[in-house]
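Everything below belongs to data.cif, which stores mmCIF, C-alpha atoms.
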data_input
#
loop_
_atom_site.label_atom_id
_atom_site.label_comp_id
_atom_site.auth_asym_id
_atom_site.auth_seq_id
_atom_site.Cartn_x
_atom_site.Cartn_y
_atom_site.Cartn_z
CA MET H 1 -35.18 12.93 -29.97
CA ASP H 2 -35.15 12.32 -26.26
CA ALA H 3 -32.44 11.84 -23.63
CA LEU H 4 -32.22 8.09 -24.31
CA ASP H 5 -31.61 8.68 -28.02
CA ARG H 6 -28.89 11.17 -27.12
CA LYS H 7 -27.29 8.61 -24.79
CA ILE H 8 -27.32 6.04 -27.61
CA LEU H 9 -25.63 8.56 -29.92
CA THR H 10 -23.01 9.40 -27.28
CA GLU H 11 -22.14 5.74 -26.69
CA LEU H 12 -21.85 5.06 -30.42
CA GLN H 13 -19.62 8.09 -30.93
CA LEU H 14 -17.31 6.74 -28.24
CA ASP H 15 -17.32 3.23 -29.71
CA GLY H 16 -19.02 2.64 -33.05
CA ARG H 17 -18.26 -1.07 -32.91
CA LEU H 18 -20.60 -1.78 -29.99
CA THR H 19 -23.01 -4.63 -30.55
CA VAL H 20 -26.67 -3.84 -29.97
CA THR H 21 -26.50 -5.98 -26.82
CA GLU H 22 -23.54 -3.97 -25.46
CA LEU H 23 -25.19 -0.70 -26.43
CA ALA H 24 -28.45 -1.70 -24.74
CA ALA H 25 -26.58 -2.53 -21.52
CA ARG H 26 -24.76 0.81 -21.54
CA VAL H 27 -27.95 2.82 -21.98
CA LYS H 28 -29.90 0.57 -19.59
CA LEU H 29 -32.47 -0.60 -22.11
CA SER H 30 -33.48 -4.05 -23.30
CA VAL H 31 -32.09 -5.18 -26.65
CA SER H 32 -35.26 -5.00 -28.77
CA PRO H 33 -36.23 -1.38 -27.94
CA CYS H 34 -32.56 -0.33 -28.21
CA HIS H 35 -32.34 -1.90 -31.66
CA ARG H 36 -35.57 -0.18 -32.73
CA ARG H 37 -34.27 3.21 -31.54
CA LEU H 38 -30.95 2.62 -33.28
CA ARG H 39 -32.67 1.84 -36.60
CA ASP H 40 -34.88 4.95 -36.18
CA LEU H 41 -31.79 7.12 -35.60
CA GLU H 42 -30.19 5.67 -38.73
CA ARG H 43 -33.35 6.09 -40.83
CA GLU H 44 -33.89 9.69 -39.65
CA GLY H 45 -30.29 10.59 -40.54
CA ALA H 46 -29.06 11.32 -37.00
CA ILE H 47 -26.54 8.53 -37.62
CA ARG H 48 -25.03 9.18 -41.04
CA GLY H 49 -22.79 6.10 -41.09
CA TYR H 50 -20.05 4.13 -39.40
CA ARG H 51 -16.33 4.25 -40.13
CA ALA H 52 -12.87 3.69 -38.75
CA ILE H 53 -10.92 6.71 -37.55
CA VAL H 54 -7.43 6.34 -39.04
CA ASP H 55 -4.39 8.05 -37.56
CA PRO H 56 -2.96 10.18 -40.41
CA ALA H 57 0.61 9.65 -39.17
CA ALA H 58 0.15 5.87 -39.37
CA VAL H 59 -0.43 6.20 -43.12
CA GLY H 60 2.37 8.72 -43.69
CA LEU H 61 0.31 11.93 -43.65
CA THR H 62 2.31 13.77 -41.01
CA PHE H 63 1.94 17.31 -42.37
CA GLU H 64 -1.29 19.22 -41.90
CA ALA H 65 -2.29 22.74 -42.88
CA LEU H 66 -5.36 24.92 -42.75
CA VAL H 67 -5.86 26.81 -45.98
CA PHE H 68 -8.09 29.87 -46.11
CA VAL H 69 -9.53 30.55 -49.58
CA THR H 70 -10.93 33.82 -50.89
CA LEU H 71 -12.79 33.59 -54.19
CA ARG H 72 -12.54 36.20 -56.92
CA TRP H 73 -16.33 36.14 -57.40
CA GLU H 74 -19.10 34.54 -55.39
CA ASP H 75 -21.69 33.93 -58.07
CA ALA H 76 -23.43 30.55 -58.14
CA ASP H 77 -21.37 29.17 -61.04
CA THR H 78 -18.03 30.07 -59.43
CA VAL H 79 -19.03 28.68 -56.04
CA SER H 80 -20.30 25.46 -57.62
CA ALA H 81 -17.18 25.02 -59.77
CA PHE H 82 -14.90 25.69 -56.80
CA GLU H 83 -16.77 23.25 -54.55
CA GLU H 84 -16.73 20.52 -57.20
CA GLY H 85 -13.01 21.11 -57.75
CA VAL H 86 -12.09 21.03 -54.07
CA ALA H 87 -14.20 17.90 -53.51
CA ALA H 88 -12.03 16.15 -56.12
CA VAL H 89 -8.78 16.79 -54.20
CA PRO H 90 -8.20 13.73 -51.96
CA HIS H 91 -5.78 15.51 -49.62
CA VAL H 92 -8.51 17.97 -48.60
CA LEU H 93 -9.93 16.27 -45.51
CA GLN H 94 -12.50 18.97 -44.76
CA ALA H 95 -13.82 21.96 -46.66
CA GLN H 96 -16.11 24.47 -45.02
CA ARG H 97 -17.81 27.48 -46.58
CA LEU H 98 -17.65 30.48 -44.27
CA PHE H 99 -19.52 33.74 -43.86
CA GLY H 100 -17.37 36.80 -44.46
CA ASP H 101 -13.75 36.76 -45.51
CA PRO H 102 -12.22 34.27 -46.21
CA ASP H 103 -14.83 32.28 -48.12
CA TYR H 104 -13.59 28.76 -47.33
CA LEU H 105 -11.49 26.87 -44.80
CA LEU H 106 -9.75 23.71 -46.01
CA ARG H 107 -8.06 21.13 -43.80
CA VAL H 108 -5.30 19.50 -45.84
CA ALA H 109 -3.02 16.55 -45.01
CA THR H 110 0.12 15.59 -46.92
CA THR H 111 3.32 13.65 -46.29
CA ASP H 112 5.55 16.69 -45.81
CA LEU H 113 6.11 20.36 -46.63
CA ALA H 114 7.31 19.62 -50.17
CA ALA H 115 4.16 17.61 -50.93
CA PHE H 116 2.02 20.40 -49.47
CA GLN H 117 3.79 23.01 -51.59
CA GLN H 118 3.22 20.93 -54.72
CA LEU H 119 -0.46 20.44 -53.84
CA TYR H 120 -0.81 24.14 -53.06
CA ASP H 121 0.79 25.29 -56.33
CA GLN H 122 -0.55 22.67 -58.71
CA ARG H 123 -4.05 21.95 -57.38
CA LEU H 124 -5.33 24.41 -54.79
CA ALA H 125 -4.17 27.64 -56.44
CA ARG H 126 -5.63 26.45 -59.73
CA LEU H 127 -9.11 25.71 -58.41
CA PRO H 128 -11.86 27.69 -60.21
CA GLY H 129 -12.40 31.21 -58.93
CA VAL H 130 -9.52 31.35 -56.44
CA GLN H 131 -8.30 34.88 -55.80
CA ARG H 132 -6.15 34.26 -52.72
CA LEU H 133 -4.93 31.41 -50.56
CA ASN H 134 -3.56 31.86 -47.06
CA SER H 135 -2.29 28.91 -45.03
CA THR H 136 -1.24 28.14 -41.54
CA LEU H 137 0.38 24.96 -40.29
CA VAL H 138 -1.18 22.74 -37.66
CA MET H 139 1.20 22.32 -34.73
CA LYS H 140 -0.92 20.03 -32.57
CA HIS H 141 -4.46 18.71 -32.24
CA VAL H 142 -5.76 19.70 -28.83
CA VAL H 143 -9.35 18.50 -29.36
CA ASP H 144 -9.96 16.04 -32.18
CA ASP H 145 -12.92 13.83 -33.10
CA ARG H 146 -14.82 14.74 -29.94
CA PRO H 147 -18.34 13.31 -29.69
CA LEU H 148 -21.13 15.86 -30.08
CA PRO H 149 -22.47 17.16 -26.76
CA GLU H 150 -25.68 15.63 -25.40
#
Write the structure described by the file as structure tokens, please.
Amino acid sequence: MDALDRKILTELQLDGRLTVTELAARVKLSVSPCHRRLRDLEREGAIRGYRAIVDPAAVGLTFEALVFVTLRWEDADTVSAFEEGVAAVPHVLQAQRLFGDPDYLLRVATTDLAAFQQLYDQRLARLPGVQRLNSTLVMKHVVDDRPLPE
């Protein structure tokens, strides 16, 4: 991957709806080589896909929390069962496995505190292998959906 590929990635992260012609103009490349590079980036997996970024508040998800999860055991079966279970919870927007304690960080969005409490008690606390949950509320997003650095 060279500097031109990185520039293509930066431009697409800023505006994923660019046409190949617009993208080529922004990176100062003719359309055909730009299109070839774009397809190579997609085929190699540097570009995983394209999607709309939806404002959670616009769809009624105005409450966000970070939930730290500590598992009771960390054997392969428990980890696998937990990860499958958490992947099935639609309100979990992100789930990251961590080194050390806690074991996982979940980013959760709900409509309000009552909905979060219900999700916490009825789904998250009942996930396989959970020993402890600890949450903190998100006050404000300072940096959100920033493009990756070049």
- Query: If we count all atoms listed in the file, what is near Val59 of chain H at a cut-off of 12 Å, once residues fewer than 3 positions away on the same chain are taken out, given as a PyMOL selection string?
  - Reply: chain H and resi 53-56+62-63+109-111
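Of the residues listed (H:Ala65, H:Ala125, H:Leu9, H:Ala25), H:Leu9 shows the shortest atom-to-atom separation from Leu148 of chain H; distances use all atoms listed in the file.
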- Message: Quick check on the file I pasted: which residues fall under the PyMOL selection byres ((chain H and resi 6) around 10)? Write them as JSON, numbers by chain.
- Response: {"H": [1, 2, 3, 4, 5, 7, 8, 9, 10, 11, 12, 27, 41, 46, 148, 149, 150]}
Can you spit out the residues from that selection as a PDB file, in the coordinates of the input, using C-alpha atoms?
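Output below, filename part-v4.pdb:
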ATOM      1  CA  MET H   1     -35.180  12.930 -29.970  1.00  0.00           C
ATOM      2  CA  ASP H   2     -35.150  12.320 -26.260  1.00  0.00           C
ATOM      3  CA  ALA H   3     -32.440  11.840 -23.630  1.00  0.00           C
ATOM      4  CA  LEU H   4     -32.220   8.090 -24.310  1.00  0.00           C
ATOM      5  CA  ASP H   5     -31.610   8.680 -28.020  1.00  0.00           C
ATOM      6  CA  LYS H   7     -27.290   8.610 -24.790  1.00  0.00           C
ATOM      7  CA  ILE H   8     -27.320   6.040 -27.610  1.00  0.00           C
ATOM      8  CA  LEU H   9     -25.630   8.560 -29.920  1.00  0.00           C
ATOM      9  CA  THR H  10     -23.010   9.400 -27.280  1.00  0.00           C
ATOM     10  CA  GLU H  11     -22.140   5.740 -26.690  1.00  0.00           C
ATOM     11  CA  LEU H  12     -21.850   5.060 -30.420  1.00  0.00           C
ATOM     12  CA  VAL H  27     -27.950   2.820 -21.980  1.00  0.00           C
ATOM     13  CA  LEU H  41     -31.790   7.120 -35.600  1.00  0.00           C
ATOM     14  CA  ALA H  46     -29.060  11.320 -37.000  1.00  0.00           C
ATOM     15  CA  LEU H 148     -21.130  15.860 -30.080  1.00  0.00           C
ATOM     16  CA  PRO H 149     -22.470  17.160 -26.760  1.00  0.00           C
ATOM     17  CA  GLU H 150     -25.680  15.630 -25.400  1.00  0.00           C
TER      18      GLU H 150
END
- Task: Measure the distance from atom CA of Ala88 of chain H to atom CA of Gly49 of chain H in Å and round it to one decimal.
- Result: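 Spanning atom CA of Ala88 of chain H to atom CA of Gly49 of chain H is a straight-line distance of 21.0 Å.
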- Task: One decimal, Å: what's the distance from atom CA of Asp75 of chain H over to atom CA of Gln96 of chain H, could you say?
- Result: 17.1 Å
- Item | the PyMOL selection byres ((chain H and resi 66-70) around 12) applied to the shown file, residues as an NGL selection string | :H and (63-65 or 71-74 or 78-79 or 82-83 or 86 or 91-110 or 116-117 or 119-120 or 124-139)
- Interatomic distance (Å, one decimal) between atom CA of Glu22 of chain H and atom CA of Arg37 of chain H: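 Interatomic distance here is 14.3 Å.
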Taking all atoms of segment 25-37 of chain H that the file lists, what box with edges along x, y and z, padded by 4 Å per side, do you get, with centre and edge lengths in Å to one decimal, as lines of an AutoDock Vina configuration file?
center_x = -30.5
center_y = -1.0
center_z = -26.2
size_x = 19.5
size_y = 16.4
size_z = 21.1
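The nearest approach to Arg146 of chain H among the residues H:Thr19, H:Gln13, H:Ser32, H:Ser80, with all atoms listed in the file taken into account, belongs to H:Gln13.
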Is it possible to add all heavy atoms to segment 70-81 of chain H and hand it back as a CSV table (one decimal), in the frame of the given file?
chain,number,residue,atom,x,y,z
H,70,THR,N,-10.1,32.7,-50.5
H,70,THR,CA,-10.9,33.8,-50.9
H,70,THR,C,-11.2,33.7,-52.4
H,70,THR,O,-10.2,33.6,-53.2
H,70,THR,CB,-10.3,35.2,-50.6
H,70,THR,OG1,-10.0,35.2,-49.2
H,70,THR,CG2,-11.2,36.3,-51.0
H,71,LEU,N,-12.4,33.7,-52.8
H,71,LEU,CA,-12.8,33.6,-54.2
H,71,LEU,C,-12.8,35.0,-54.8
H,71,LEU,O,-13.1,36.0,-54.2
H,71,LEU,CB,-14.2,32.9,-54.4
H,71,LEU,CG,-14.3,31.5,-53.9
H,71,LEU,CD1,-15.7,31.0,-54.2
H,71,LEU,CD2,-13.3,30.6,-54.5
H,72,ARG,N,-12.5,35.0,-56.1
H,72,ARG,CA,-12.5,36.2,-56.9
H,72,ARG,C,-14.0,36.7,-57.0
H,72,ARG,O,-14.2,37.9,-56.9
H,72,ARG,CB,-11.9,35.9,-58.3
H,72,ARG,CG,-11.6,37.1,-59.1
H,72,ARG,CD,-10.8,36.7,-60.4
H,72,ARG,NE,-9.4,36.5,-60.0
H,72,ARG,CZ,-8.7,35.4,-60.0
H,72,ARG,NH1,-9.3,34.2,-60.4
H,72,ARG,NH2,-7.4,35.3,-59.7
H,73,TRP,N,-14.9,35.8,-57.3
H,73,TRP,CA,-16.3,36.1,-57.4
H,73,TRP,C,-17.1,35.1,-56.6
H,73,TRP,O,-16.6,34.0,-56.4
H,73,TRP,CB,-16.8,36.1,-58.9
H,73,TRP,CG,-16.1,37.0,-59.8
H,73,TRP,CD1,-16.2,38.3,-59.9
H,73,TRP,CD2,-15.0,36.6,-60.7
H,73,TRP,NE1,-15.4,38.8,-60.8
H,73,TRP,CE2,-14.6,37.8,-61.3
H,73,TRP,CE3,-14.4,35.4,-61.0
H,73,TRP,CZ2,-13.6,37.8,-62.2
H,73,TRP,CZ3,-13.4,35.5,-61.9
H,73,TRP,CH2,-13.0,36.6,-62.5
H,74,GLU,N,-18.3,35.5,-56.2
H,74,GLU,CA,-19.1,34.5,-55.4
H,74,GLU,C,-20.4,34.3,-56.0
H,74,GLU,O,-21.4,34.0,-55.4
H,74,GLU,CB,-19.3,35.1,-54.0
H,74,GLU,CG,-18.0,35.1,-53.2
H,74,GLU,CD,-18.2,35.5,-51.7
H,74,GLU,OE1,-18.9,34.8,-51.0
H,74,GLU,OE2,-17.6,36.5,-51.4
H,75,ASP,N,-20.5,34.3,-57.4
H,75,ASP,CA,-21.7,33.9,-58.1
H,75,ASP,C,-21.9,32.4,-58.0
H,75,ASP,O,-21.0,31.7,-57.7
H,75,ASP,CB,-21.6,34.4,-59.5
H,75,ASP,CG,-20.5,33.8,-60.3
H,75,ASP,OD1,-19.3,34.2,-60.1
H,75,ASP,OD2,-20.7,32.8,-61.0
H,76,ALA,N,-23.1,32.0,-58.3
H,76,ALA,CA,-23.4,30.6,-58.1
H,76,ALA,C,-22.5,29.6,-59.0
H,76,ALA,O,-22.1,28.6,-58.5
H,76,ALA,CB,-24.9,30.3,-58.5
H,77,ASP,N,-22.2,30.0,-60.2
H,77,ASP,CA,-21.4,29.2,-61.0
H,77,ASP,C,-20.0,29.0,-60.5
H,77,ASP,O,-19.4,27.9,-60.5
H,77,ASP,CB,-21.3,29.7,-62.5
H,77,ASP,CG,-22.6,29.6,-63.2
H,77,ASP,OD1,-23.5,28.8,-62.8
H,77,ASP,OD2,-22.8,30.3,-64.2
H,78,THR,N,-19.4,30.1,-60.0
H,78,THR,CA,-18.0,30.1,-59.4
H,78,THR,C,-18.0,29.2,-58.2
H,78,THR,O,-17.1,28.4,-58.0
H,78,THR,CB,-17.5,31.5,-59.1
H,78,THR,OG1,-17.5,32.3,-60.3
H,78,THR,CG2,-16.1,31.5,-58.6
H,79,VAL,N,-19.0,29.4,-57.3
H,79,VAL,CA,-19.0,28.7,-56.0
H,79,VAL,C,-19.2,27.2,-56.3
H,79,VAL,O,-18.5,26.4,-55.8
H,79,VAL,CB,-20.2,29.2,-55.1
H,79,VAL,CG1,-20.5,28.2,-54.0
H,79,VAL,CG2,-19.8,30.6,-54.6
H,80,SER,N,-20.1,26.9,-57.3
H,80,SER,CA,-20.3,25.5,-57.6
H,80,SER,C,-19.0,24.8,-58.2
H,80,SER,O,-18.7,23.7,-57.9
H,80,SER,CB,-21.5,25.4,-58.6
H,80,SER,OG,-21.7,24.0,-59.0
H,81,ALA,N,-18.4,25.5,-59.1
H,81,ALA,CA,-17.2,25.0,-59.8
H,81,ALA,C,-16.1,24.8,-58.7
H,81,ALA,O,-15.3,23.8,-58.8
H,81,ALA,CB,-16.7,25.9,-60.9
